[in-house]
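Below is one structure, written out as structure tokens, with a few remarks after it.
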Amino acid sequence: CQVERRKIMNYKFKTKPYAHQMTALEKSWNKETYAYFMEMGTGKTKVLIDNLAMLYDKGKVNGALIVAPKGVVGTWNNNELPTHLPDHIENVTILWQANITKKQQEKLETLFEVETALHILIMNVEAFSTDKGRLFAEKFLRSHNALMAIDESTTIKNPSAKRTKNIVGLAKQAKYRRIMTGSPVTKNPLDLYSQCEFLD
């Protein structure tokens, strides 16, 4: 654990972590799969962003696919990443939109340019109910060593839903997988099944 703490201490945090966030990072940062079952308001988004940045700094990943509920995707793009992703990490961050204009298509294509920047694609979970969304996410994952994270992972609790099947099907294309939620079980212990199947 001391070795892990030293590795984390060498990392340049943009925003200072709380003790519980440091503990979460120490336990998770280099694991292929991990579930951040952290209560609401404990800063699991910051932990995930620091985890991603650490893996990028170590040369383990060059891309990230963030899957979030409709009401949260904009927050990831406009608030969370600018607040917590360290300034030394050059990045290209694109928010997926269902209606792809020529301008949006050009922006999406920048995710496939060969460069040293970290490529981040943020997608609404509903995009995975469509072939267009699934195919683009697959193309992104195939062309990157990526971390794939599901924010509010109970959105994939229904194993028979098309979006759940598509997301779980894509999971093996990601080098690292994370799920995040404050309440992994909403009604039934079986709610955990698809979330854990996504991880491994």
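Please note that chains go A, B, ... in the order of the structure tokens, that every chain numbers its residues from 1, and that ligands are numbered from 1 in the order shown.
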With a distance cut-off of 10 Å and only C-alpha atoms, select the neighbouring residues of region 95-106 of chain A, excluding the residue or stretch itself and same-chain residues fewer than 6 positions from it, and output the selection as a list in words.
-> Ile66, Val73, Gly74, Trp76, Asn77, Asn78, Ile120, Leu121, Ile122, Met123, Asn124, Glu126, Ala127, Thr130, Lys132, Gly133, Phe136 and Ala137 of chain A
Include N, CA and C atoms and write out the residues we just selected as an mmCIF file, in the first residue's frame.
```cif
data_model
loop_
_atom_site.group_PDB
_atom_site.id
_atom_site.type_symbol
_atom_site.label_atom_id
_atom_site.label_comp_id
_atom_site.auth_asym_id
_atom_site.auth_seq_id
_atom_site.Cartn_x
_atom_site.Cartn_y
_atom_site.Cartn_z
ATOM 1 N N ILE A 66 -16.633 7.761 -21.798
ATOM 2 C CA ILE A 66 -17.464 8.002 -20.617
ATOM 3 C C ILE A 66 -18.927 7.877 -21.032
ATOM 4 N N VAL A 73 -24.270 14.225 -19.018
ATOM 5 C CA VAL A 73 -23.189 14.285 -20.030
ATOM 6 C C VAL A 73 -22.617 15.696 -20.179
ATOM 7 N N GLY A 74 -23.491 16.691 -20.159
ATOM 8 C CA GLY A 74 -23.028 18.076 -20.291
ATOM 9 C C GLY A 74 -22.162 18.507 -19.120
ATOM 10 N N TRP A 76 -20.195 16.555 -17.337
ATOM 11 C CA TRP A 76 -18.871 15.960 -17.549
ATOM 12 C C TRP A 76 -18.027 16.863 -18.454
ATOM 13 N N ASN A 77 -18.631 17.283 -19.555
ATOM 14 C CA ASN A 77 -17.923 18.059 -20.568
ATOM 15 C C ASN A 77 -17.598 19.476 -20.091
ATOM 16 N N ASN A 78 -18.570 20.135 -19.465
ATOM 17 C CA ASN A 78 -18.428 21.555 -19.141
ATOM 18 C C ASN A 78 -17.845 21.839 -17.764
ATOM 19 N N ILE A 120 -11.014 11.838 -25.379
ATOM 20 C CA ILE A 120 -12.136 11.524 -24.483
ATOM 21 C C ILE A 120 -13.441 11.688 -25.246
ATOM 22 N N LEU A 121 -14.224 10.624 -25.275
ATOM 23 C CA LEU A 121 -15.539 10.630 -25.913
ATOM 24 C C LEU A 121 -16.588 10.461 -24.815
ATOM 25 N N ILE A 122 -17.510 11.424 -24.725
ATOM 26 C CA ILE A 122 -18.582 11.366 -23.730
ATOM 27 C C ILE A 122 -19.883 11.064 -24.454
ATOM 28 N N MET A 123 -20.547 9.985 -24.051
ATOM 29 C CA MET A 123 -21.785 9.573 -24.720
ATOM 30 C C MET A 123 -22.918 9.377 -23.721
ATOM 31 N N ASN A 124 -24.102 9.777 -24.135
ATOM 32 C CA ASN A 124 -25.324 9.536 -23.385
ATOM 33 C C ASN A 124 -25.630 8.032 -23.454
ATOM 34 N N GLU A 126 -28.274 6.521 -23.656
ATOM 35 C CA GLU A 126 -29.315 6.235 -24.654
ATOM 36 C C GLU A 126 -28.742 6.037 -26.059
ATOM 37 N N ALA A 127 -27.569 6.594 -26.326
ATOM 38 C CA ALA A 127 -26.946 6.431 -27.653
ATOM 39 C C ALA A 127 -26.693 4.959 -27.967
ATOM 40 N N THR A 130 -29.029 2.715 -30.093
ATOM 41 C CA THR A 130 -29.004 2.875 -31.554
ATOM 42 C C THR A 130 -27.772 2.211 -32.142
ATOM 43 N N LYS A 132 -26.102 3.415 -34.640
ATOM 44 C CA LYS A 132 -25.160 4.492 -34.946
ATOM 45 C C LYS A 132 -24.243 4.766 -33.750
ATOM 46 N N GLY A 133 -24.848 4.869 -32.563
ATOM 47 C CA GLY A 133 -24.067 5.116 -31.353
ATOM 48 C C GLY A 133 -23.151 3.954 -31.019
ATOM 49 N N PHE A 136 -20.182 3.704 -33.507
ATOM 50 C CA PHE A 136 -19.158 4.734 -33.316
ATOM 51 C C PHE A 136 -18.326 4.437 -32.067
ATOM 52 N N ALA A 137 -18.992 4.029 -30.988
ATOM 53 C CA ALA A 137 -18.270 3.683 -29.757
ATOM 54 C C ALA A 137 -17.308 2.522 -30.008
#
```
Could you please write out, as a ChimeraX atom specification, every residue of region 89-188 of chain A that DSSP assigns to helix (DSSP H, G or I)?
-> /A:102-112,125-129,131-142,153-156,162-171
Name the residues of region 34-194 of chain A that come out as strand (DSSP E) in a backbone DSSP run; write them as a VMD selection string.
-> chain A and resid 34 to 37 63 to 68 91 to 95 118 to 124 146 to 151 176 to 181
Go through region 102-168 of chain A residue by residue and, counting only C-alpha atoms, keep those with an atom at most 10 Å from region 33-46 of chain A; for each kept residue give the shortest atom pair and its distance in Å to one decimal, ordered by chain and increasing number, as JSON lines.
```
{"residue": "A:Leu147", "atom": "CA", "partner": "A:Thr33", "partner_atom": "CA", "distance": 9.5}
{"residue": "A:Met148", "atom": "CA", "partner": "A:Thr33", "partner_atom": "CA", "distance": 9.7}
{"residue": "A:Ala149", "atom": "CA", "partner": "A:Ala35", "partner_atom": "CA", "distance": 9.6}
{"residue": "A:Ile150", "atom": "CA", "partner": "A:Ala35", "partner_atom": "CA", "distance": 9.6}
{"residue": "A:Asp151", "atom": "CA", "partner": "A:Thr45", "partner_atom": "CA", "distance": 8.2}
{"residue": "A:Glu152", "atom": "CA", "partner": "A:Phe37", "partner_atom": "CA", "distance": 9.7}
{"residue": "A:Ser153", "atom": "CA", "partner": "A:Ala35", "partner_atom": "CA", "distance": 9.3}
```
For N, CA, C and O atoms, I'd like the residues from the last selection saved as a compact mmCIF listing (two decimals), in the first residue's frame.
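Result file out_35.txt:
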```txt
# COMPACT_ATOMS: atom_id res chain seq x y z
N LEU A 147 -9.99 3.44 -21.43
CA LEU A 147 -10.74 3.21 -20.21
C LEU A 147 -12.20 3.50 -20.56
O LEU A 147 -12.49 4.54 -21.17
N MET A 148 -13.10 2.59 -20.20
CA MET A 148 -14.54 2.81 -20.43
C MET A 148 -15.22 2.85 -19.07
O MET A 148 -15.03 1.96 -18.25
N ALA A 149 -15.96 3.93 -18.82
CA ALA A 149 -16.60 4.12 -17.52
C ALA A 149 -18.10 4.34 -17.70
O ALA A 149 -18.52 5.06 -18.60
N ILE A 150 -18.88 3.73 -16.82
CA ILE A 150 -20.33 3.92 -16.81
C ILE A 150 -20.69 4.72 -15.56
O ILE A 150 -20.56 4.22 -14.44
N ASP A 151 -21.09 5.96 -15.76
CA ASP A 151 -21.54 6.80 -14.65
C ASP A 151 -23.01 6.47 -14.38
O ASP A 151 -23.79 6.31 -15.31
N GLU A 152 -23.36 6.37 -13.08
CA GLU A 152 -24.70 5.92 -12.69
C GLU A 152 -24.99 4.58 -13.36
O GLU A 152 -25.88 4.44 -14.20
N SER A 153 -24.19 3.59 -12.98
CA SER A 153 -24.21 2.29 -13.67
C SER A 153 -25.51 1.51 -13.53
O SER A 153 -25.71 0.52 -14.23
```
If we count only C-alpha atoms, what is near region 167-175 of chain A at a cut-off of 8 Å, once residues fewer than 6 positions away on the same chain are taken out, given as a list of chain:residue names?
->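 Close residues of region 167-175 of chain A: A:Glu32, A:Val61, A:Phe128, A:Arg134, A:Glu138, A:Leu141, A:Arg142, A:Asn145, A:Ala146, A:Leu147, A:Met148, A:Ile156, A:Ser194, A:Glu197, A:Phe198, A:Leu199.
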Next, dump the selected residues to file, keeping only C-alpha atoms, as an mmCIF file, in the first residue's frame.
```
data_model
loop_
_atom_site.group_PDB
_atom_site.id
_atom_site.type_symbol
_atom_site.label_atom_id
_atom_site.label_comp_id
_atom_site.auth_asym_id
_atom_site.auth_seq_id
_atom_site.Cartn_x
_atom_site.Cartn_y
_atom_site.Cartn_z
ATOM 1 C CA GLU A 32 -8.337 -3.501 -15.040
ATOM 2 C CA VAL A 61 -4.317 4.493 -21.985
ATOM 3 C CA PHE A 128 -26.294 2.713 -27.117
ATOM 4 C CA ARG A 134 -22.885 1.555 -30.764
ATOM 5 C CA GLU A 138 -16.884 0.399 -31.117
ATOM 6 C CA LEU A 141 -12.583 1.597 -28.588
ATOM 7 C CA ARG A 142 -10.908 -0.418 -31.348
ATOM 8 C CA ASN A 145 -6.152 1.723 -25.519
ATOM 9 C CA ALA A 146 -9.156 2.945 -23.600
ATOM 10 C CA LEU A 147 -10.742 3.206 -20.212
ATOM 11 C CA MET A 148 -14.535 2.805 -20.432
ATOM 12 C CA ILE A 156 -27.409 -0.799 -17.338
ATOM 13 C CA SER A 194 -25.293 -6.574 -15.611
ATOM 14 C CA GLU A 197 -20.935 -8.444 -16.178
ATOM 15 C CA PHE A 198 -19.764 -5.191 -17.778
ATOM 16 C CA LEU A 199 -16.713 -5.201 -15.507
#
```
Calculate how many Å separate CA of Asn51 (chain A) from CA of Val125 (chain A), rounding to one decimal.
->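 Separation between CA of Asn51 (chain A) and CA of Val125 (chain A): 21.3 Å.
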Please tabulate, as a Markdown table, the residues of region 19-65 of chain A that come within 9 Å of region 110-119 of chain A, each with its closest pair of atoms and the distance in Å to one decimal, counting only C-alpha atoms and ordering rows by chain, then residue number upward.
```
| residue | atom | partner | partner_atom | distance |
| --- | --- | --- | --- | --- |
| A:Ala53 | CA | A:Leu118 | CA | 8.8 |
| A:Tyr56 | CA | A:Leu118 | CA | 7.3 |
| A:Val61 | CA | A:Leu118 | CA | 8.0 |
| A:Asn62 | CA | A:Leu118 | CA | 5.0 |
| A:Gly63 | CA | A:His119 | CA | 4.6 |
| A:Ala64 | CA | A:His119 | CA | 6.4 |
| A:Leu65 | CA | A:His119 | CA | 8.6 |
```
Writing out the chosen residues with all heavy atoms as a compact mmCIF listing (two decimals), in the first residue's frame:
```txt
# COMPACT_ATOMS: atom_id res chain seq x y z
N ALA A 53 -6.32 9.99 -15.60
CA ALA A 53 -5.10 10.80 -15.82
C ALA A 53 -3.85 10.03 -15.41
O ALA A 53 -2.81 10.10 -16.09
CB ALA A 53 -5.21 12.12 -15.05
N TYR A 56 -3.08 7.50 -18.07
CA TYR A 56 -2.54 8.19 -19.24
C TYR A 56 -1.08 8.58 -19.01
O TYR A 56 -0.22 8.37 -19.87
CB TYR A 56 -3.39 9.43 -19.53
CG TYR A 56 -2.82 10.30 -20.62
CD1 TYR A 56 -2.94 9.95 -21.97
CD2 TYR A 56 -2.14 11.48 -20.31
CE1 TYR A 56 -2.40 10.75 -22.97
CE2 TYR A 56 -1.60 12.28 -21.30
CZ TYR A 56 -1.73 11.91 -22.63
OH TYR A 56 -1.19 12.70 -23.60
N VAL A 61 -3.15 4.19 -21.16
CA VAL A 61 -4.32 4.49 -21.99
C VAL A 61 -4.05 5.75 -22.82
O VAL A 61 -3.25 6.60 -22.45
CB VAL A 61 -5.62 4.70 -21.14
CG1 VAL A 61 -5.99 3.47 -20.36
CG2 VAL A 61 -5.50 5.92 -20.24
N ASN A 62 -4.76 5.83 -23.94
CA ASN A 62 -4.71 7.06 -24.75
C ASN A 62 -6.13 7.52 -25.12
O ASN A 62 -6.31 8.43 -25.90
CB ASN A 62 -3.85 6.89 -26.00
CG ASN A 62 -4.35 5.77 -26.90
OD1 ASN A 62 -5.41 5.19 -26.67
ND2 ASN A 62 -3.58 5.45 -27.93
N GLY A 63 -7.12 6.84 -24.53
CA GLY A 63 -8.51 7.21 -24.79
C GLY A 63 -9.41 6.86 -23.63
O GLY A 63 -9.06 6.01 -22.80
N ALA A 64 -10.56 7.54 -23.57
CA ALA A 64 -11.57 7.23 -22.55
C ALA A 64 -12.95 7.39 -23.15
O ALA A 64 -13.22 8.36 -23.87
CB ALA A 64 -11.42 8.15 -21.35
N LEU A 65 -13.80 6.42 -22.88
CA LEU A 65 -15.20 6.49 -23.27
C LEU A 65 -16.02 6.60 -21.99
O LEU A 65 -16.04 5.68 -21.17
CB LEU A 65 -15.61 5.25 -24.06
CG LEU A 65 -17.10 5.10 -24.39
CD1 LEU A 65 -17.65 6.31 -25.16
CD2 LEU A 65 -17.36 3.82 -25.20
```
Hey, which of A:Gln195, A:Ile94, A:Ser160, A:Ser129 ends up closest to Arg178 (chain A)? Count only C-alpha atoms.
->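 Nearest candidate to Arg178 (chain A) out of A:Gln195, A:Ile94, A:Ser160, A:Ser129: A:Gln195.
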With only C-alpha atoms as the atoms that count, which of A:Lys165, A:Lys27, A:His144, A:Lys157 lies nearest to Gly59 (chain A)?
-> A:His144
Take CA of Gln21 (chain A) and CA of Val47 (chain A) and report the distance between them in Å, one decimal.
->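 Here the two named atoms are 6.0 Å from each other.
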